[in-house]
file protein-v7.txt (compact mmCIF, C-alpha atoms)
# COMPACT_ATOMS: atom_id res chain seq x y z
CA MET C 1 3.84 6.87 -15.94
CA LYS C 2 0.56 5.87 -14.27
CA LEU C 3 0.35 4.40 -10.78
CA VAL C 4 -2.59 3.12 -8.76
CA THR C 5 -3.15 1.99 -5.18
CA TYR C 6 -6.18 -0.04 -4.11
CA ASN C 7 -7.14 -1.70 -0.84
CA ILE C 8 -9.14 -4.58 -2.29
CA GLN C 9 -10.74 -5.83 0.98
CA TYR C 10 -10.15 -9.51 0.23
CA GLY C 11 -11.91 -9.03 -3.14
CA ILE C 12 -15.30 -8.33 -1.54
CA GLY C 13 -17.19 -5.32 -2.88
CA LEU C 14 -19.88 -3.05 -1.46
CA ASP C 15 -22.42 -5.55 -2.78
CA GLY C 16 -20.90 -8.31 -0.64
CA ARG C 17 -19.69 -10.30 -3.66
CA TYR C 18 -16.20 -11.69 -4.21
CA ASP C 19 -14.92 -10.85 -7.69
CA VAL C 20 -11.22 -10.62 -8.52
CA GLY C 21 -12.06 -9.87 -12.16
CA ARG C 22 -13.47 -6.45 -11.39
CA ILE C 23 -10.47 -5.70 -9.16
CA ALA C 24 -8.15 -6.45 -12.08
CA GLU C 25 -10.19 -4.33 -14.48
CA ALA C 26 -10.09 -1.39 -12.07
CA VAL C 27 -6.27 -1.31 -12.02
CA ARG C 28 -5.41 -2.60 -15.49
CA GLY C 29 -3.29 -0.19 -17.50
CA ALA C 30 -1.25 1.21 -14.63
CA ASP C 31 2.52 0.88 -14.88
CA VAL C 32 2.81 0.07 -11.17
CA ILE C 33 -0.02 -1.27 -8.99
CA ALA C 34 -0.05 -1.35 -5.18
CA LEU C 35 -2.67 -3.59 -3.56
CA GLN C 36 -3.52 -4.08 0.10
CA GLU C 37 -5.55 -6.77 1.93
CA VAL C 38 -4.49 -9.48 -0.49
CA THR C 39 -5.13 -12.89 1.09
CA ARG C 40 -4.74 -16.61 0.78
CA ASN C 41 -7.10 -19.08 2.50
CA ASN C 42 -9.15 -16.31 4.06
CA PRO C 43 -12.40 -17.65 5.60
CA ARG C 44 -14.09 -14.34 4.79
CA ASN C 45 -13.80 -14.78 1.02
CA GLY C 46 -14.11 -18.53 0.60
CA ASN C 47 -10.42 -19.37 1.05
CA HIS C 48 -9.35 -18.03 -2.35
CA ASP C 49 -5.68 -17.74 -3.30
CA MET C 50 -5.82 -14.11 -4.39
CA VAL C 51 -2.14 -13.97 -5.30
CA ALA C 52 -2.61 -16.71 -7.89
CA GLU C 53 -5.92 -15.32 -9.13
CA LEU C 54 -4.55 -11.80 -9.56
CA GLY C 55 -1.56 -13.25 -11.40
CA ASP C 56 -3.92 -15.07 -13.76
CA ALA C 57 -6.07 -11.96 -14.26
CA LEU C 58 -3.05 -9.71 -14.90
CA PRO C 59 -0.62 -12.09 -16.64
CA ASP C 60 1.49 -9.34 -18.23
CA TYR C 61 2.56 -7.92 -14.85
CA PHE C 62 5.55 -8.91 -12.74
CA ALA C 63 4.53 -9.30 -9.10
CA ALA C 64 5.80 -9.39 -5.54
CA TYR C 65 3.71 -10.40 -2.53
CA GLY C 66 4.47 -9.92 1.13
CA SER C 67 2.38 -11.77 3.69
CA ASN C 68 2.49 -10.11 7.11
CA PHE C 69 1.57 -13.28 9.01
CA GLU C 70 0.55 -16.90 8.47
CA VAL C 71 -2.04 -18.71 10.59
CA ASN C 72 -2.59 -22.46 10.41
CA VAL C 73 -6.05 -23.21 8.98
CA GLY C 74 -5.99 -26.91 8.30
CA SER C 75 -2.45 -28.14 7.75
CA HIS C 76 -2.52 -31.93 7.68
CA LEU C 77 -0.86 -35.14 6.60
CA GLU C 78 -1.98 -36.62 3.31
CA ALA C 79 -0.57 -39.97 2.21
CA GLY C 80 2.46 -39.39 4.39
CA ARG C 81 3.12 -35.88 3.08
CA ALA C 82 2.72 -32.76 5.19
CA ILE C 83 0.33 -30.28 3.52
CA THR C 84 0.74 -26.76 4.92
CA THR C 85 -2.38 -24.60 4.68
CA THR C 86 -2.20 -21.10 6.15
CA PHE C 87 -4.31 -17.97 6.15
CA GLN C 88 -2.13 -15.15 4.83
CA LEU C 89 -2.81 -11.43 4.55
CA GLY C 90 -0.49 -8.85 3.07
CA ASN C 91 0.36 -6.39 0.33
CA MET C 92 1.20 -6.79 -3.32
CA VAL C 93 3.09 -4.81 -5.97
CA LEU C 94 2.58 -5.46 -9.67
CA SER C 95 4.72 -3.84 -12.36
CA LYS C 96 4.84 -3.72 -16.14
CA THR C 97 8.64 -4.00 -15.86
CA PRO C 98 10.66 -6.42 -13.71
CA ILE C 99 10.93 -5.89 -9.96
CA HIS C 100 14.65 -5.87 -9.25
CA LEU C 101 14.52 -6.28 -5.46
CA SER C 102 11.77 -6.54 -2.86
CA ARG C 103 11.41 -7.02 0.87
CA ASN C 104 8.52 -6.97 3.34
CA LEU C 105 8.87 -4.42 6.13
CA LEU C 106 6.94 -5.49 9.23
CA LEU C 107 5.65 -2.41 11.03
CA PRO C 108 5.58 -1.92 14.82
CA ARG C 109 2.47 -3.19 16.55
CA SER C 110 1.01 -3.70 19.99
CA ARG C 111 -1.13 -6.48 21.38
CA SER C 112 -4.85 -5.64 21.25
CA LEU C 113 -7.21 -6.86 23.98
CA GLU C 114 -10.55 -5.93 22.38
CA ALA C 115 -10.62 -4.97 18.68
CA MET C 116 -8.73 -7.38 16.44
CA ASN C 117 -5.24 -6.26 15.56
CA PHE C 118 -2.82 -7.93 13.17
CA GLN C 119 0.68 -7.47 11.88
CA ARG C 120 0.91 -4.68 9.32
CA GLY C 121 3.50 -4.26 6.63
CA ALA C 122 4.95 -2.21 3.79
CA LEU C 123 6.10 -4.18 0.77
CA GLU C 124 9.11 -2.51 -0.86
CA ALA C 125 9.84 -2.99 -4.57
CA LEU C 126 12.74 -1.53 -6.54
CA ILE C 127 11.62 -0.79 -10.11
CA GLU C 128 13.25 0.97 -13.06
CA THR C 129 10.93 3.63 -14.52
CA PRO C 130 11.12 6.45 -17.09
CA LEU C 131 12.07 8.65 -14.11
CA GLY C 132 14.91 6.31 -13.15
CA PHE C 133 15.01 3.69 -10.40
CA ILE C 134 12.31 4.26 -7.78
CA ARG C 135 11.44 2.42 -4.58
CA PHE C 136 7.71 1.66 -4.41
CA TYR C 137 5.92 0.71 -1.19
CA SER C 138 2.50 -0.92 -0.90
CA THR C 139 1.52 0.03 2.64
CA HIS C 140 -1.24 -0.74 5.15
CA LEU C 141 -1.30 0.90 8.57
CA ASP C 142 -3.27 0.10 11.74
CA HIS C 143 -6.99 0.89 11.74
CA ARG C 144 -7.60 1.21 15.50
CA SER C 145 -5.06 3.54 17.05
CA PRO C 146 -3.51 6.85 15.94
CA VAL C 147 -0.71 6.22 18.45
CA GLU C 148 0.17 2.95 16.75
CA ARG C 149 -0.08 4.54 13.31
CA GLN C 150 2.32 7.26 14.41
CA SER C 151 4.79 4.62 15.58
CA GLN C 152 4.45 2.83 12.24
CA ILE C 153 4.97 6.07 10.31
CA ARG C 154 8.14 6.84 12.28
CA PHE C 155 9.53 3.38 11.53
CA LEU C 156 8.60 3.61 7.85
CA ARG C 157 10.03 7.11 7.50
CA GLN C 158 13.38 5.87 8.81
CA ARG C 159 13.43 3.10 6.22
CA LEU C 160 12.58 5.60 3.48
CA LEU C 161 15.31 8.05 4.44
CA ASN C 162 18.04 5.55 5.43
CA TYR C 163 17.83 3.27 2.39
CA ALA C 164 21.28 4.14 1.08
CA LEU C 165 22.80 3.43 4.50
CA GLU C 166 20.87 0.21 5.19
CA GLY C 167 21.08 -1.24 1.70
CA GLY C 168 17.49 -2.35 1.27
CA GLY C 169 16.87 -6.08 1.25
CA LEU C 170 20.26 -7.06 -0.23
CA SER C 171 23.62 -5.43 -0.73
CA GLY C 172 27.18 -6.49 -1.52
CA ILE C 173 26.00 -8.88 -4.22
CA PRO C 174 29.09 -8.41 -6.44
CA GLU C 175 30.53 -11.05 -4.10
CA ILE C 176 28.41 -13.64 -5.88
CA GLY C 177 29.02 -12.26 -9.35
CA LEU C 178 25.91 -10.12 -9.75
CA PRO C 179 25.98 -6.37 -10.48
CA ASP C 180 25.24 -4.13 -7.52
CA LEU C 181 21.79 -2.58 -7.48
CA PRO C 182 21.22 1.18 -7.28
CA TYR C 183 20.21 2.86 -4.02
CA PRO C 184 17.85 5.56 -5.25
CA GLU C 185 16.70 8.46 -3.12
CA ALA C 186 13.38 8.52 -4.99
CA PHE C 187 10.44 6.68 -3.43
CA ILE C 188 6.68 6.43 -3.84
CA VAL C 189 4.64 5.17 -0.90
CA MET C 190 1.07 4.11 -1.69
CA GLY C 191 -1.67 2.47 0.27
CA ASP C 192 -4.24 2.48 3.04
CA PHE C 193 -2.91 4.61 5.89
CA ASN C 194 -6.17 4.69 7.90
CA MET C 195 -5.43 8.32 8.84
CA LEU C 196 -7.04 11.64 8.01
CA PRO C 197 -5.23 14.58 6.38
CA GLY C 198 -3.70 16.86 9.00
CA SER C 199 -3.72 14.21 11.74
CA PRO C 200 -0.60 13.86 13.96
CA GLU C 201 0.54 10.75 12.10
CA TYR C 202 0.04 12.52 8.75
CA VAL C 203 2.15 15.45 9.98
CA GLU C 204 4.84 12.98 11.09
CA LEU C 205 5.30 11.96 7.45
CA VAL C 206 4.71 15.15 5.43
CA GLY C 207 5.05 18.04 7.88
CA ARG C 208 2.73 20.94 8.67
CA PRO C 209 2.06 23.99 6.45
CA ASP C 210 3.86 27.18 7.40
CA HIS C 211 1.68 30.28 7.81
CA GLU C 212 3.75 32.12 5.19
CA PHE C 213 5.40 29.54 2.91
CA GLY C 214 2.91 26.67 2.88
CA MET C 215 3.85 23.00 2.91
CA PRO C 216 7.63 22.49 3.21
CA LEU C 217 9.46 20.68 0.43
CA THR C 218 12.49 19.14 2.12
CA ALA C 219 14.45 15.94 1.70
CA ASP C 220 13.45 14.62 5.14
CA LEU C 221 9.68 14.75 4.49
CA ALA C 222 7.41 12.99 2.03
CA VAL C 223 5.07 14.80 -0.35
CA ASP C 224 1.32 14.16 -0.34
CA ALA C 225 0.63 14.05 -4.08
CA ALA C 226 -3.00 15.10 -3.64
CA GLN C 227 -2.02 18.11 -1.56
CA ARG C 228 0.78 19.05 -3.92
CA LEU C 229 -1.57 18.89 -6.91
CA ASP C 230 -4.33 20.70 -4.99
CA THR C 231 -6.84 17.91 -5.59
CA PRO C 232 -9.87 18.71 -3.38
CA ASP C 233 -12.74 16.66 -1.98
CA LEU C 234 -11.16 13.24 -2.30
CA VAL C 235 -13.03 10.22 -0.96
CA THR C 236 -11.19 6.89 -0.91
CA TRP C 237 -13.26 4.83 1.56
CA VAL C 238 -17.00 4.22 1.84
CA ASP C 239 -18.51 2.59 4.91
CA PRO C 240 -20.05 -0.65 3.56
CA LYS C 241 -22.63 -0.57 6.36
CA ARG C 242 -23.72 2.98 5.45
CA PRO C 243 -22.66 3.56 1.83
CA ASP C 244 -25.13 6.41 1.30
CA ASP C 245 -24.07 8.33 4.42
CA ALA C 246 -21.69 11.08 3.24
CA SER C 247 -20.37 11.50 6.79
CA ARG C 248 -18.94 7.98 6.45
CA HIS C 249 -16.97 8.81 3.30
CA LYS C 250 -13.32 9.49 4.12
CA ARG C 251 -9.90 10.01 2.59
CA ILE C 252 -7.63 7.39 4.16
CA ASP C 253 -5.72 6.12 1.08
CA TYR C 254 -2.73 8.12 -0.20
CA VAL C 255 0.14 8.42 -2.61
CA PHE C 256 3.24 9.97 -1.04
CA THR C 257 6.49 10.63 -2.90
CA SER C 258 9.99 11.76 -2.09
CA ALA C 259 10.54 15.51 -2.44
CA SER C 260 12.78 14.77 -5.43
CA LEU C 261 9.73 13.60 -7.41
CA ALA C 262 7.45 16.54 -6.56
CA GLY C 263 8.16 18.27 -9.87
CA ALA C 264 7.12 15.19 -11.85
CA LEU C 265 3.62 14.96 -10.37
CA LYS C 266 0.97 15.66 -13.01
CA ARG C 267 -2.50 14.48 -12.00
CA LEU C 268 -4.20 12.54 -9.20
CA TRP C 269 -7.73 11.18 -9.17
CA VAL C 270 -9.98 8.62 -7.51
CA ASP C 271 -12.01 6.10 -9.52
CA ARG C 272 -15.47 6.66 -8.05
CA GLN C 273 -16.98 3.99 -10.34
CA ALA C 274 -15.06 1.06 -8.84
CA VAL C 275 -17.25 -1.25 -6.72
CA GLY C 276 -14.91 -4.16 -5.99
CA SER C 277 -14.06 -3.07 -2.43
CA ASP C 278 -15.08 -0.64 0.30
CA HIS C 279 -12.05 1.41 -0.79
CA LEU C 280 -11.60 3.19 -4.12
CA PRO C 281 -8.56 3.10 -6.42
CA VAL C 282 -6.33 6.18 -6.21
CA TRP C 283 -4.46 6.97 -9.43
CA LEU C 284 -1.41 9.15 -9.99
CA GLU C 285 0.05 10.24 -13.31
CA THR C 286 3.58 11.61 -13.57
CA ALA C 287 4.98 13.83 -16.30
call {"tool": "encode", "arguments": {"input": "protein-v7.txt", "output": "structure tokens"}}
result
Amino acid sequence: MKLVTYNIQYGIGLDGRYDVGRIAEAVRGADVIALQEVTRNNPRNGNHDMVAELGDALPDYFAAYGSNFEVNVGSHLEAGRAITTTFQLGNMVLSKTPIHLSRNLLLPRSRSLEAMNFQRGALEALIETPLGFIRFYSTHLDHRSPVERQSQIRFLRQRLLNYALEGGGLSGIPEIGLPDLPYPEAFIVMGDFNMLPGSPEYVELVGRPDHEFGMPLTADLAVDAAQRLDTPDLVTWVDPKRPDDASRHKRIDYVFTSASLAGALKRLWVDRQAVGSDHLPVWLETA
């Protein structure tokens, strides 16, 4: 199985051009795709409906989209009919096989008085894979504050670990004649976490290495696939204002899995040739 996560920055690349086609080509072939910064009616990219355009570019994928907010940008009456037009920004999951259940988890946030802040989310999708049913999350954390990111990680970690108790987005559906869905322990969380390896918020999710035994592998912590596979020198974000400045190249995009999937991890890499965003696609292959 091949997975990929990509923050597509509204479809705008390092060259300043909007091009959904090159986004689609960069992720085509993955079994599950997690995208962040997918928008509709965004003034920054010419008001494109990226959900529709990505669906057209990748027609053989099933898709779920979770908008984290909607802002009125020109809703109006037209011949007596109300036309709702909103700016939306959120995450997307695309899958080669049907998505059985999805929900959008809105992450904790605080009001910002200077730098722009907006509602963040993690889109959850239940998908059957060769490894069994797995919960996938396309995730985007705050970019301004490590304190807020830590709060978001704590909230997300509770959802990851308590899924069987909470029931995901829907439970008890035999009441309406549908078969109950599984409640798998296995999860894969992908996306733009805006944090550095070893930071407090990172430790909140995956733990801290022991001086003798290394990184713990326990059911209450996630596994950083790159760390587990000992993949060094990863860069997933390039500053579009200073693309040639190596000090502005960072690893802020990740693939995390449940401990139960650690043995299935095979290879992780970053597509350094992709130019469709200021981020780079991160790929994971499982055995």
call {"tool": "residues_around", "arguments": {"input": "protein-v7.txt", "residues": "Val93 (chain C)", "least_positions_apart": "2", "cutoff": "6 Å", "atoms": "only C-alpha atoms", "output": "list in words"}}
result
Ile33, Ala34, Ala63 and Ala64 of chain C
call {"tool": "atom_distance", "arguments": {"input": "protein-v7.txt", "atom1": "CA of Pro232 (chain C)", "atom2": "CA of Asp142 (chain C)"}}
result
24.9 Å
call {"tool": "residues_near_point", "arguments": {"input": "protein-v7.txt", "point": "(-5.2, 2.3, 9.5)", "cutoff": "10 Å", "atoms": "all atoms listed in the file", "output": "number ranges by chain"}}
result
C: 120, 139-146, 148-149, 191-196, 252-253
call {"tool": "closest_residue", "arguments": {"input": "protein-v7.txt", "among": "C:Pro200, C:Pro281, C:Pro130, C:Gly74", "to": "Ala264 (chain C)", "atoms": "only C-alpha atoms"}}
result
C:Pro130
call {"tool": "residues_near_point", "arguments": {"input": "protein-v7.txt", "point": "(16.0, 0.2, 3.4)", "cutoff": "12 Å", "atoms": "only C-alpha atoms", "output": "mmCIF file with C-alpha atoms, keeping the file's coordinate frame"}}
result
data_model
loop_
_atom_site.group_PDB
_atom_site.id
_atom_site.type_symbol
_atom_site.label_atom_id
_atom_site.label_comp_id
_atom_site.auth_asym_id
_atom_site.auth_seq_id
_atom_site.Cartn_x
_atom_site.Cartn_y
_atom_site.Cartn_z
ATOM 1 C CA LEU C 101 14.520 -6.280 -5.460
ATOM 2 C CA SER C 102 11.770 -6.540 -2.860
ATOM 3 C CA ARG C 103 11.410 -7.020 0.870
ATOM 4 C CA ASN C 104 8.520 -6.970 3.340
ATOM 5 C CA LEU C 105 8.870 -4.420 6.130
ATOM 6 C CA ALA C 122 4.950 -2.210 3.790
ATOM 7 C CA LEU C 123 6.100 -4.180 0.770
ATOM 8 C CA GLU C 124 9.110 -2.510 -0.860
ATOM 9 C CA ALA C 125 9.840 -2.990 -4.570
ATOM 10 C CA LEU C 126 12.740 -1.530 -6.540
ATOM 11 C CA ARG C 135 11.440 2.420 -4.580
ATOM 12 C CA PHE C 136 7.710 1.660 -4.410
ATOM 13 C CA TYR C 137 5.920 0.710 -1.190
ATOM 14 C CA PHE C 155 9.530 3.380 11.530
ATOM 15 C CA LEU C 156 8.600 3.610 7.850
ATOM 16 C CA ARG C 157 10.030 7.110 7.500
ATOM 17 C CA GLN C 158 13.380 5.870 8.810
ATOM 18 C CA ARG C 159 13.430 3.100 6.220
ATOM 19 C CA LEU C 160 12.580 5.600 3.480
ATOM 20 C CA LEU C 161 15.310 8.050 4.440
ATOM 21 C CA ASN C 162 18.040 5.550 5.430
ATOM 22 C CA TYR C 163 17.830 3.270 2.390
ATOM 23 C CA ALA C 164 21.280 4.140 1.080
ATOM 24 C CA LEU C 165 22.800 3.430 4.500
ATOM 25 C CA GLU C 166 20.870 0.210 5.190
ATOM 26 C CA GLY C 167 21.080 -1.240 1.700
ATOM 27 C CA GLY C 168 17.490 -2.350 1.270
ATOM 28 C CA GLY C 169 16.870 -6.080 1.250
ATOM 29 C CA LEU C 170 20.260 -7.060 -0.230
ATOM 30 C CA SER C 171 23.620 -5.430 -0.730
ATOM 31 C CA PRO C 182 21.220 1.180 -7.280
ATOM 32 C CA TYR C 183 20.210 2.860 -4.020
ATOM 33 C CA PRO C 184 17.850 5.560 -5.250
ATOM 34 C CA GLU C 185 16.700 8.460 -3.120
ATOM 35 C CA PHE C 187 10.440 6.680 -3.430
#
call {"tool": "closest_residue", "arguments": {"input": "protein-v7.txt", "among": "C:Asp244, C:Ala26, C:Tyr18, C:Gly90", "to": "Val270 (chain C)", "atoms": "only C-alpha atoms"}}
result
C:Ala26
call {"tool": "axis_aligned_box", "arguments": {"input": "protein-v7.txt", "around": "region 150-166 of chain C", "padding_each_side": "5 Å", "output": "AutoDock Vina command-line options"}}
result
--center_x 12.6 --center_y 4.1 --center_z 8.3 --size_x 30.5 --size_y 17.8 --size_z 24.5
call {"tool": "build_atoms", "arguments": {"input": "protein-v7.txt", "residues": "region 39-69 of chain C", "atoms": "N, CA and C atoms", "output": "tab-separated table (two decimals), in the frame of the given file"}}
result
chain	number	residue	atom	x	y	z
C	39	THR	N	-5.15	-11.75	0.18
C	39	THR	CA	-5.13	-12.89	1.09
C	39	THR	C	-5.04	-14.23	0.37
C	40	ARG	N	-4.64	-15.21	1.16
C	40	ARG	CA	-4.74	-16.61	0.78
C	40	ARG	C	-5.47	-17.35	1.90
C	41	ASN	N	-6.39	-18.24	1.54
C	41	ASN	CA	-7.10	-19.08	2.50
C	41	ASN	C	-7.79	-18.25	3.58
C	42	ASN	N	-8.41	-17.18	3.15
C	42	ASN	CA	-9.15	-16.31	4.06
C	42	ASN	C	-10.58	-16.83	4.21
C	43	PRO	N	-11.02	-17.17	5.42
C	43	PRO	CA	-12.40	-17.65	5.60
C	43	PRO	C	-13.45	-16.65	5.16
C	44	ARG	N	-13.11	-15.36	5.14
C	44	ARG	CA	-14.09	-14.34	4.79
C	44	ARG	C	-14.41	-14.28	3.31
C	45	ASN	N	-13.52	-14.84	2.46
C	45	ASN	CA	-13.80	-14.78	1.02
C	45	ASN	C	-13.82	-16.17	0.37
C	46	GLY	N	-14.03	-17.19	1.17
C	46	GLY	CA	-14.11	-18.53	0.60
C	46	GLY	C	-12.78	-19.19	0.38
C	47	ASN	N	-11.75	-18.74	1.08
C	47	ASN	CA	-10.42	-19.37	1.05
C	47	ASN	C	-9.73	-19.28	-0.31
C	48	HIS	N	-9.98	-18.21	-1.04
C	48	HIS	CA	-9.35	-18.03	-2.35
C	48	HIS	C	-7.86	-17.72	-2.20
C	49	ASP	N	-7.08	-18.13	-3.19
C	49	ASP	CA	-5.68	-17.74	-3.30
C	49	ASP	C	-5.65	-16.51	-4.21
C	50	MET	N	-5.72	-15.33	-3.61
C	50	MET	CA	-5.82	-14.11	-4.39
C	50	MET	C	-4.54	-13.80	-5.15
C	51	VAL	N	-3.40	-14.22	-4.62
C	51	VAL	CA	-2.14	-13.97	-5.30
C	51	VAL	C	-2.14	-14.69	-6.65
C	52	ALA	N	-2.55	-15.94	-6.64
C	52	ALA	CA	-2.61	-16.71	-7.89
C	52	ALA	C	-3.67	-16.16	-8.83
C	53	GLU	N	-4.83	-15.81	-8.29
C	53	GLU	CA	-5.92	-15.32	-9.13
C	53	GLU	C	-5.60	-13.97	-9.76
C	54	LEU	N	-4.95	-13.09	-8.99
C	54	LEU	CA	-4.55	-11.80	-9.56
C	54	LEU	C	-3.48	-11.99	-10.62
C	55	GLY	N	-2.57	-12.95	-10.39
C	55	GLY	CA	-1.56	-13.25	-11.40
C	55	GLY	C	-2.18	-13.75	-12.68
C	56	ASP	N	-3.22	-14.57	-12.57
C	56	ASP	CA	-3.92	-15.07	-13.76
C	56	ASP	C	-4.69	-13.96	-14.47
C	57	ALA	N	-5.27	-13.04	-13.68
C	57	ALA	CA	-6.07	-11.96	-14.26
C	57	ALA	C	-5.21	-10.87	-14.88
C	58	LEU	N	-3.96	-10.74	-14.39
C	58	LEU	CA	-3.05	-9.71	-14.90
C	58	LEU	C	-1.73	-10.39	-15.31
C	59	PRO	N	-1.78	-11.25	-16.32
C	59	PRO	CA	-0.62	-12.09	-16.64
C	59	PRO	C	0.58	-11.33	-17.19
C	60	ASP	N	0.39	-10.09	-17.65
C	60	ASP	CA	1.49	-9.34	-18.23
C	60	ASP	C	2.18	-8.44	-17.20
C	61	TYR	N	1.91	-8.67	-15.92
C	61	TYR	CA	2.56	-7.92	-14.85
C	61	TYR	C	3.51	-8.82	-14.05
C	62	PHE	N	4.66	-8.27	-13.71
C	62	PHE	CA	5.55	-8.91	-12.74
C	62	PHE	C	5.00	-8.59	-11.35
C	63	ALA	N	5.20	-9.49	-10.39
C	63	ALA	CA	4.53	-9.30	-9.10
C	63	ALA	C	5.42	-9.71	-7.94
C	64	ALA	N	5.21	-9.02	-6.83
C	64	ALA	CA	5.80	-9.39	-5.54
C	64	ALA	C	4.69	-9.36	-4.50
C	65	TYR	N	4.72	-10.32	-3.58
C	65	TYR	CA	3.71	-10.40	-2.53
C	65	TYR	C	4.41	-10.55	-1.20
C	66	GLY	N	3.93	-9.82	-0.21
C	66	GLY	CA	4.47	-9.92	1.13
C	66	GLY	C	3.38	-10.22	2.13
C	67	SER	N	3.35	-11.43	2.66
C	67	SER	CA	2.38	-11.77	3.69
C	67	SER	C	2.91	-11.31	5.04
C	68	ASN	N	2.07	-10.65	5.82
C	68	ASN	CA	2.49	-10.11	7.11
C	68	ASN	C	2.40	-11.13	8.23
C	69	PHE	N	1.66	-12.19	8.03
C	69	PHE	CA	1.57	-13.28	9.01
C	69	PHE	C	1.01	-14.51	8.31
